[in-house]
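Asks: Dropping the structure in here first, questions after.
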Amino acid sequence: MAKQSKIIITAAVTGATHTPSLSPYFPATPDQIIEDAVTAHRAGAAVVHIHARDPKDCSPTPDLGVMKEIVTSIKQQCDAVVCVTTGGAVWMSSEQRLAPAVDLKPELASCNAGSVNFVFADLALKLENPKYEWEIPYLKRTNELVFTNTFTGLEYYLNTMNEHGIRPEFEVYDVGMINNIAYFMKKGLVQKPVYLQFVMGILGGIPATVDNLVYLVKTAREQIGDFVWSCAAAGRAQFPLVTAALTMGGNARVGLEDNLYLKPGVLAKSSAEQVVQIKEIAERLGLEIANSEEARQILDLKGLDKVNY
Ligand code: KMH
Ligand code: ZN
C-alpha cells in the first residue's frame with residue numbers, strides 16, 4: 001500500500017463515557033455536539049466521530065431522531081466525514097447500537113472488534129454535586145458491565161455495513177481483536193482498505209504505552225497486512241500516544257470523548273482546541289493534514305452524496 005501522503009485527524013466529540021458535570025466545556029446537548037463537531041472540522045479534523053445525547057438530561061441515547069438531527073445539521077454546515085458510532089453506550093443492545101448506521105447509511109461507522117470490560121467508574125469520584133442524578137450511578141455501573149461484541153454480532157455488523165457501502169472503522173481495544181478482524185477478512189466480510197482505530201488506555205483494555213502501540217501495529221502487519229490506522233488514547237495518555245502514532249506513520253484521533261484536558265490540569269474548552277494542538281505537533285513533524293475530500297480518498301469512502309441524511 002502506497003505511503004499515506006497526508007494524515008487524517010479525527011475529532012471524537014462526545015462519546016458515551018464522560019458526563020456533563022465533569023467539565024463545563026463538555027458538549028453534552030445535541031446543539032453543543034453539533035457546534036463542537038463543526039468547529040473541530042474547521043480547525044482541521046477531516047473526520048468527526050458522533051454519538052447522540054438526550055436533549056433533556058444529556059445522557060447517551062440510542063434515539064435515532066436525535067442522531068439524525070445531529071448528523072444532518074453537521075452536513076448542512078460542512079463536508080466533514082461523519083463516523084457514526086455503532087458502539088453507543090455499554091448498556092445499549094446490539095440493535096440499538098446499529099440502528100443509526102442502518103438508517104443513516106453514513107460513509108464511515110465504528111465497528112468494535114471484540115468484547116471488553118469498559119470501566120470508567122472512578123470518574124464518579126470526581127463528582128461532588130453533579131447536575132444530573134443519573135451521572136454517578138451511570139459511571140459506577142461500568143464496574144458490572146461488559147462491552148459485548150460477539151462474533152455473531154460482528155458478522156451482523158459487517159454484513160450490514162457491506163450492504164450499505166459503509167466503511168467500518170475497527171475500534172481495537174486490545175491485541176486479540178486484531179485476530180478477530182483477520183478472521184473476518186478470511187471469511188471475506190472485510191473490504192480493503194482496512195481501517196483500524198487503536199483505542200488505548202481503556203480500563204479493561206490494553207494500557208496506553210508506546211511499547212504497546214508498537215506491538216499492536218506489528219501484530220496488525222503480521223495478521224492483516226496492509227491497513228490504514230489511527231490512534232486514540234484515554235485521558236492524559238492522549239497526546240503522548242497520538243504523537244507517537246504520528247511519528248510511526250499513523251493517523252490521529254483527539255476530542256472530548258477520549259480526554260477532557262488540553263494538558264494536565266488544563267481543561268480543553270472544545271475538541272477544536274485539541275485538534276489545533278495535534279495539528280501543530282503534526283506540522284512540526286513535517287506532516288501535512290488531509291482535508292475531508294483527501295480523507296475520503298485515503299479511506300476509499302462512498303461519498304457524502306450517498307448517505308441517507
Ligand atoms: N462508548 C463506548 C462503549 C464506538 O463509538 O463505537 C464505545 C465507543 C466506541 O465509544
Ligand atoms: Zn465512540
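Chain identifiers are assigned as A, B, and so on, following the order in which chains appear in the C-alpha cells; residues are numbered from 1 within each chain, and ligands are numbered from 1 in order of appearance.
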Enumerate as a list in words the residues within 8 Å of ligand 2, counting only C-alpha atoms and all ligand atoms.
Replies: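 Those residues are Ala12, Thr14, Gly15, Ala16, His49, Ile50, His51, Thr85, Thr86, Gly87, Gly88, Ser110 and Glu257 of chain A.
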Asks: Would you export the selected residues with N, CA and C atoms as a PDB file, in the first residue's frame, please?
Replies:
```pdb
ATOM      1  N   ALA A  12     -13.332  13.066  18.080  1.00  0.00           N
ATOM      2  CA  ALA A  12     -14.414  12.302  18.736  1.00  0.00           C
ATOM      3  C   ALA A  12     -14.969  13.230  19.811  1.00  0.00           C
ATOM      4  N   THR A  14     -18.030  13.597  21.760  1.00  0.00           N
ATOM      5  CA  THR A  14     -18.824  13.489  22.992  1.00  0.00           C
ATOM      6  C   THR A  14     -18.834  12.067  23.582  1.00  0.00           C
ATOM      7  N   GLY A  15     -18.888  11.028  22.713  1.00  0.00           N
ATOM      8  CA  GLY A  15     -18.849   9.650  23.218  1.00  0.00           C
ATOM      9  C   GLY A  15     -19.987   9.316  24.169  1.00  0.00           C
ATOM     10  N   ALA A  16     -19.756   8.295  24.989  1.00  0.00           N
ATOM     11  CA  ALA A  16     -20.761   7.857  25.964  1.00  0.00           C
ATOM     12  C   ALA A  16     -20.092   7.534  27.296  1.00  0.00           C
ATOM     13  N   HIS A  49     -16.327  11.973  14.871  1.00  0.00           N
ATOM     14  CA  HIS A  49     -16.944  10.743  15.375  1.00  0.00           C
ATOM     15  C   HIS A  49     -18.087  11.133  16.295  1.00  0.00           C
ATOM     16  N   ILE A  50     -19.313  10.632  16.008  1.00  0.00           N
ATOM     17  CA  ILE A  50     -20.513  11.166  16.637  1.00  0.00           C
ATOM     18  C   ILE A  50     -21.322  10.138  17.416  1.00  0.00           C
ATOM     19  N   HIS A  51     -21.663  10.501  18.652  1.00  0.00           N
ATOM     20  CA  HIS A  51     -22.634   9.788  19.472  1.00  0.00           C
ATOM     21  C   HIS A  51     -23.783  10.753  19.721  1.00  0.00           C
ATOM     22  N   THR A  85     -21.267   6.329  15.437  1.00  0.00           N
ATOM     23  CA  THR A  85     -20.969   5.245  16.364  1.00  0.00           C
ATOM     24  C   THR A  85     -21.896   4.051  16.160  1.00  0.00           C
ATOM     25  N   THR A  86     -21.355   2.848  16.304  1.00  0.00           N
ATOM     26  CA  THR A  86     -22.185   1.651  16.470  1.00  0.00           C
ATOM     27  C   THR A  86     -21.854   1.034  17.823  1.00  0.00           C
ATOM     28  N   GLY A  87     -21.048   1.793  18.622  1.00  0.00           N
ATOM     29  CA  GLY A  87     -20.729   1.326  19.961  1.00  0.00           C
ATOM     30  C   GLY A  87     -21.751   1.821  20.956  1.00  0.00           C
ATOM     31  N   GLY A  88     -22.242   3.031  20.655  1.00  0.00           N
ATOM     32  CA  GLY A  88     -23.247   3.613  21.533  1.00  0.00           C
ATOM     33  C   GLY A  88     -22.727   3.681  22.951  1.00  0.00           C
ATOM     34  N   SER A 110     -18.153   3.244  13.261  1.00  0.00           N
ATOM     35  CA  SER A 110     -17.259   2.458  14.113  1.00  0.00           C
ATOM     36  C   SER A 110     -17.736   1.008  14.137  1.00  0.00           C
ATOM     37  N   GLU A 257     -14.444  13.082  23.758  1.00  0.00           N
ATOM     38  CA  GLU A 257     -14.886  11.706  24.058  1.00  0.00           C
ATOM     39  C   GLU A 257     -13.772  10.964  24.784  1.00  0.00           C
TER      40      GLU A 257
END
```
Asks: Please list as a PyMOL selection string every residue within 12 Å of A:Met185, counting only C-alpha atoms and excluding residues in the same chain fewer than 3 positions away.
Replies: chain A and resi 154-155+158+178-182+188-194+223-227
Asks: Quick one: residues within 10 Å of stretch 279-289 of chain A, only C-alpha atoms counted, chain neighbours fewer than 2 positions away excluded, as a PyMOL selection string?
Replies: chain A and resi 5-9+43-46+239+242-243+246-247+249+251-252+273-277+291-292+294-295
Asks: Name all residues at most 6 Å from stretch 166-170 of chain A (count only C-alpha atoms; drop same-chain ones fewer than 5 positions away) and give them as a list of chain:residue names.
Replies: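 Returned residues: A:Glu107, A:Leu108, A:Ala109, A:Ser110, A:Cys111, A:Asn112, A:Ala113, A:Met161, A:Tyr195, A:Leu196, A:Gln197.
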Asks: Which residues come within 9 Å of A:Pro20, counting only C-alpha atoms, excluding same-chain residues fewer than 4 positions away, as a VMD selection string?
Replies: chain A and resid 24 to 28 58 to 59 130 to 132 135
Asks: How would the residues just chosen look if you wrote them out with all heavy atoms as a compact mmCIF listing (two decimals), in the first residue's frame?
Replies:
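Result went into part-v5.txt, see below:
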```
# COMPACT_ATOMS: atom_id res chain seq x y z
N PRO A 24 -17.25 21.93 32.42
CA PRO A 24 -18.24 22.92 31.92
C PRO A 24 -18.17 23.07 30.40
O PRO A 24 -19.09 23.63 29.79
CB PRO A 24 -17.80 24.21 32.63
CG PRO A 24 -16.36 24.01 32.97
CD PRO A 24 -16.21 22.54 33.25
N TYR A 25 -17.10 22.54 29.78
CA TYR A 25 -16.92 22.69 28.33
C TYR A 25 -17.37 21.44 27.57
O TYR A 25 -17.22 21.37 26.35
CB TYR A 25 -15.44 22.95 28.01
CG TYR A 25 -14.83 24.08 28.80
CD1 TYR A 25 -13.86 23.82 29.77
CD2 TYR A 25 -15.24 25.39 28.61
CE1 TYR A 25 -13.30 24.84 30.52
CE2 TYR A 25 -14.69 26.43 29.34
CZ TYR A 25 -13.73 26.14 30.29
OH TYR A 25 -13.18 27.16 31.04
N PHE A 26 -17.90 20.44 28.28
CA PHE A 26 -18.22 19.17 27.64
C PHE A 26 -19.45 19.29 26.75
O PHE A 26 -20.51 19.71 27.23
CB PHE A 26 -18.44 18.07 28.68
CG PHE A 26 -18.63 16.71 28.06
CD1 PHE A 26 -17.58 16.11 27.38
CD2 PHE A 26 -19.84 16.06 28.13
CE1 PHE A 26 -17.74 14.88 26.78
CE2 PHE A 26 -20.01 14.83 27.53
CZ PHE A 26 -18.96 14.24 26.85
N PRO A 27 -19.36 18.95 25.46
CA PRO A 27 -20.52 19.05 24.56
C PRO A 27 -21.52 17.94 24.87
O PRO A 27 -21.30 16.79 24.51
CB PRO A 27 -19.92 18.91 23.17
CG PRO A 27 -18.63 18.20 23.36
CD PRO A 27 -18.17 18.45 24.76
N ALA A 28 -22.60 18.29 25.56
CA ALA A 28 -23.50 17.27 26.10
C ALA A 28 -24.91 17.34 25.55
O ALA A 28 -25.68 16.39 25.71
CB ALA A 28 -23.54 17.41 27.62
N CYS A 58 -28.91 15.17 28.76
CA CYS A 58 -27.53 14.98 28.27
C CYS A 58 -26.99 13.58 28.44
O CYS A 58 -25.78 13.35 28.31
CB CYS A 58 -26.59 15.96 28.98
SG CYS A 58 -27.06 17.67 28.78
N SER A 59 -27.88 12.61 28.70
CA SER A 59 -27.40 11.24 28.83
C SER A 59 -27.26 10.59 27.46
O SER A 59 -27.99 10.96 26.52
CB SER A 59 -28.39 10.42 29.68
OG SER A 59 -29.64 10.36 29.02
N PRO A 130 -23.15 16.57 41.18
CA PRO A 130 -23.44 16.50 39.74
C PRO A 130 -24.76 17.16 39.40
O PRO A 130 -25.69 17.16 40.20
CB PRO A 130 -23.48 15.00 39.45
CG PRO A 130 -23.75 14.35 40.75
CD PRO A 130 -23.14 15.24 41.80
N LYS A 131 -24.81 17.71 38.19
CA LYS A 131 -26.01 18.42 37.73
C LYS A 131 -27.20 17.47 37.59
O LYS A 131 -28.34 17.84 37.86
CB LYS A 131 -25.67 19.07 36.38
CG LYS A 131 -26.72 20.01 35.82
CD LYS A 131 -26.19 20.73 34.58
CE LYS A 131 -27.28 21.58 33.92
NZ LYS A 131 -26.85 22.01 32.56
N TYR A 132 -26.91 16.21 37.16
CA TYR A 132 -27.97 15.24 36.92
C TYR A 132 -27.82 14.02 37.83
O TYR A 132 -26.71 13.55 38.05
CB TYR A 132 -27.97 14.79 35.46
CG TYR A 132 -28.18 15.90 34.47
CD1 TYR A 132 -27.11 16.43 33.77
CD2 TYR A 132 -29.45 16.43 34.23
CE1 TYR A 132 -27.28 17.47 32.85
CE2 TYR A 132 -29.65 17.46 33.31
CZ TYR A 132 -28.56 17.98 32.63
OH TYR A 132 -28.72 19.01 31.74
N GLU A 135 -25.79 10.72 36.66
CA GLU A 135 -24.35 10.72 36.35
C GLU A 135 -23.55 9.70 37.20
O GLU A 135 -22.85 8.86 36.65
CB GLU A 135 -23.77 12.12 36.51
CG GLU A 135 -24.38 13.14 35.52
CD GLU A 135 -23.69 14.48 35.56
OE1 GLU A 135 -22.46 14.52 35.34
OE2 GLU A 135 -24.37 15.49 35.84
```
Asks: From the list A:Cys231, A:Leu22, A:Leu260, A:Ala268, which residue is nearest A:Asn129 when using only C-alpha atoms?
Replies: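 Residue with the minimum atom-to-atom distance to A:Asn129: A:Leu22.
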Asks: Tell me which protein, DNA and RNA residues are within 6 Å of stretch 89-95 of chain A, counting only C-alpha atoms, leaving out same-chain ones fewer than 3 positions away, and put them as an NGL selection string.
Replies: :A and (16 or 98-99 or 147)
Asks: Run DSSP on the backbone and give me the residues of stretch 105-245 of chain A it puts in strand (DSSP E or B), as a ChimeraX atom specification.
Replies: /A:108-112,116,119,147,167-172,195-200,203,205,228-233
Asks: Find the residues around A:Gly114 up to 7 Å (only C-alpha atoms counted), leave out those fewer than 5 positions away in its own chain, and share them as a list of chain:residue names.
Replies: A:Asn149, A:Thr150, A:Met177
Asks: Limited to N, CA and C atoms, could you put the picked residues into a file as a PDB file, in the first residue's frame?
Replies:
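Generated output (out-v5.pdb):
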```
ATOM      1  N   ASN A 149     -19.284  -7.552  22.170  1.00  0.00           N
ATOM      2  CA  ASN A 149     -19.200  -7.599  20.704  1.00  0.00           C
ATOM      3  C   ASN A 149     -18.860  -9.031  20.316  1.00  0.00           C
ATOM      4  N   THR A 150     -19.917  -9.853  20.183  1.00  0.00           N
ATOM      5  CA  THR A 150     -19.714 -11.272  19.881  1.00  0.00           C
ATOM      6  C   THR A 150     -19.371 -11.453  18.401  1.00  0.00           C
ATOM      7  N   MET A 177      -8.145  -8.524  19.392  1.00  0.00           N
ATOM      8  CA  MET A 177      -9.164  -8.055  18.442  1.00  0.00           C
ATOM      9  C   MET A 177      -8.616  -7.967  17.020  1.00  0.00           C
TER      10      MET A 177
END
```
Asks: What residues in stretch 16-243 of chain A get the DSSP label alpha helix (DSSP H)? Please answer as number ranges by chain.
Replies: A: 30-43, 64-77, 94-104, 135-140, 151-163, 176-186, 210-223, 238-243
Asks: Of the candidates A:Asp103, A:Asp36, A:Glu163, A:Glu144, which one gets nearest to A:Gly65 if we count only C-alpha atoms?
Replies: A:Asp103
Asks: Report, in Å with one decimal, the straight-line distance from atom CA of A:Ala290 to atom CA of A:Val38.
Replies: 16.1 Å
Asks: Between atom CA of A:Tyr183 and atom CA of A:Thr152, measure the distance and give it in Å to one decimal.
Replies: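 So the two atoms, atom CA of A:Tyr183 and atom CA of A:Thr152, lie 12.6 Å apart.
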Asks: Given the choices A:Leu256, A:Lys140, A:Lys187, A:Asp300, which gets closest to A:Gln32 if the distance is worked out from only C-alpha atoms?
Replies: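 Among the listed residues, the smallest separation from A:Gln32 belongs to A:Leu256.
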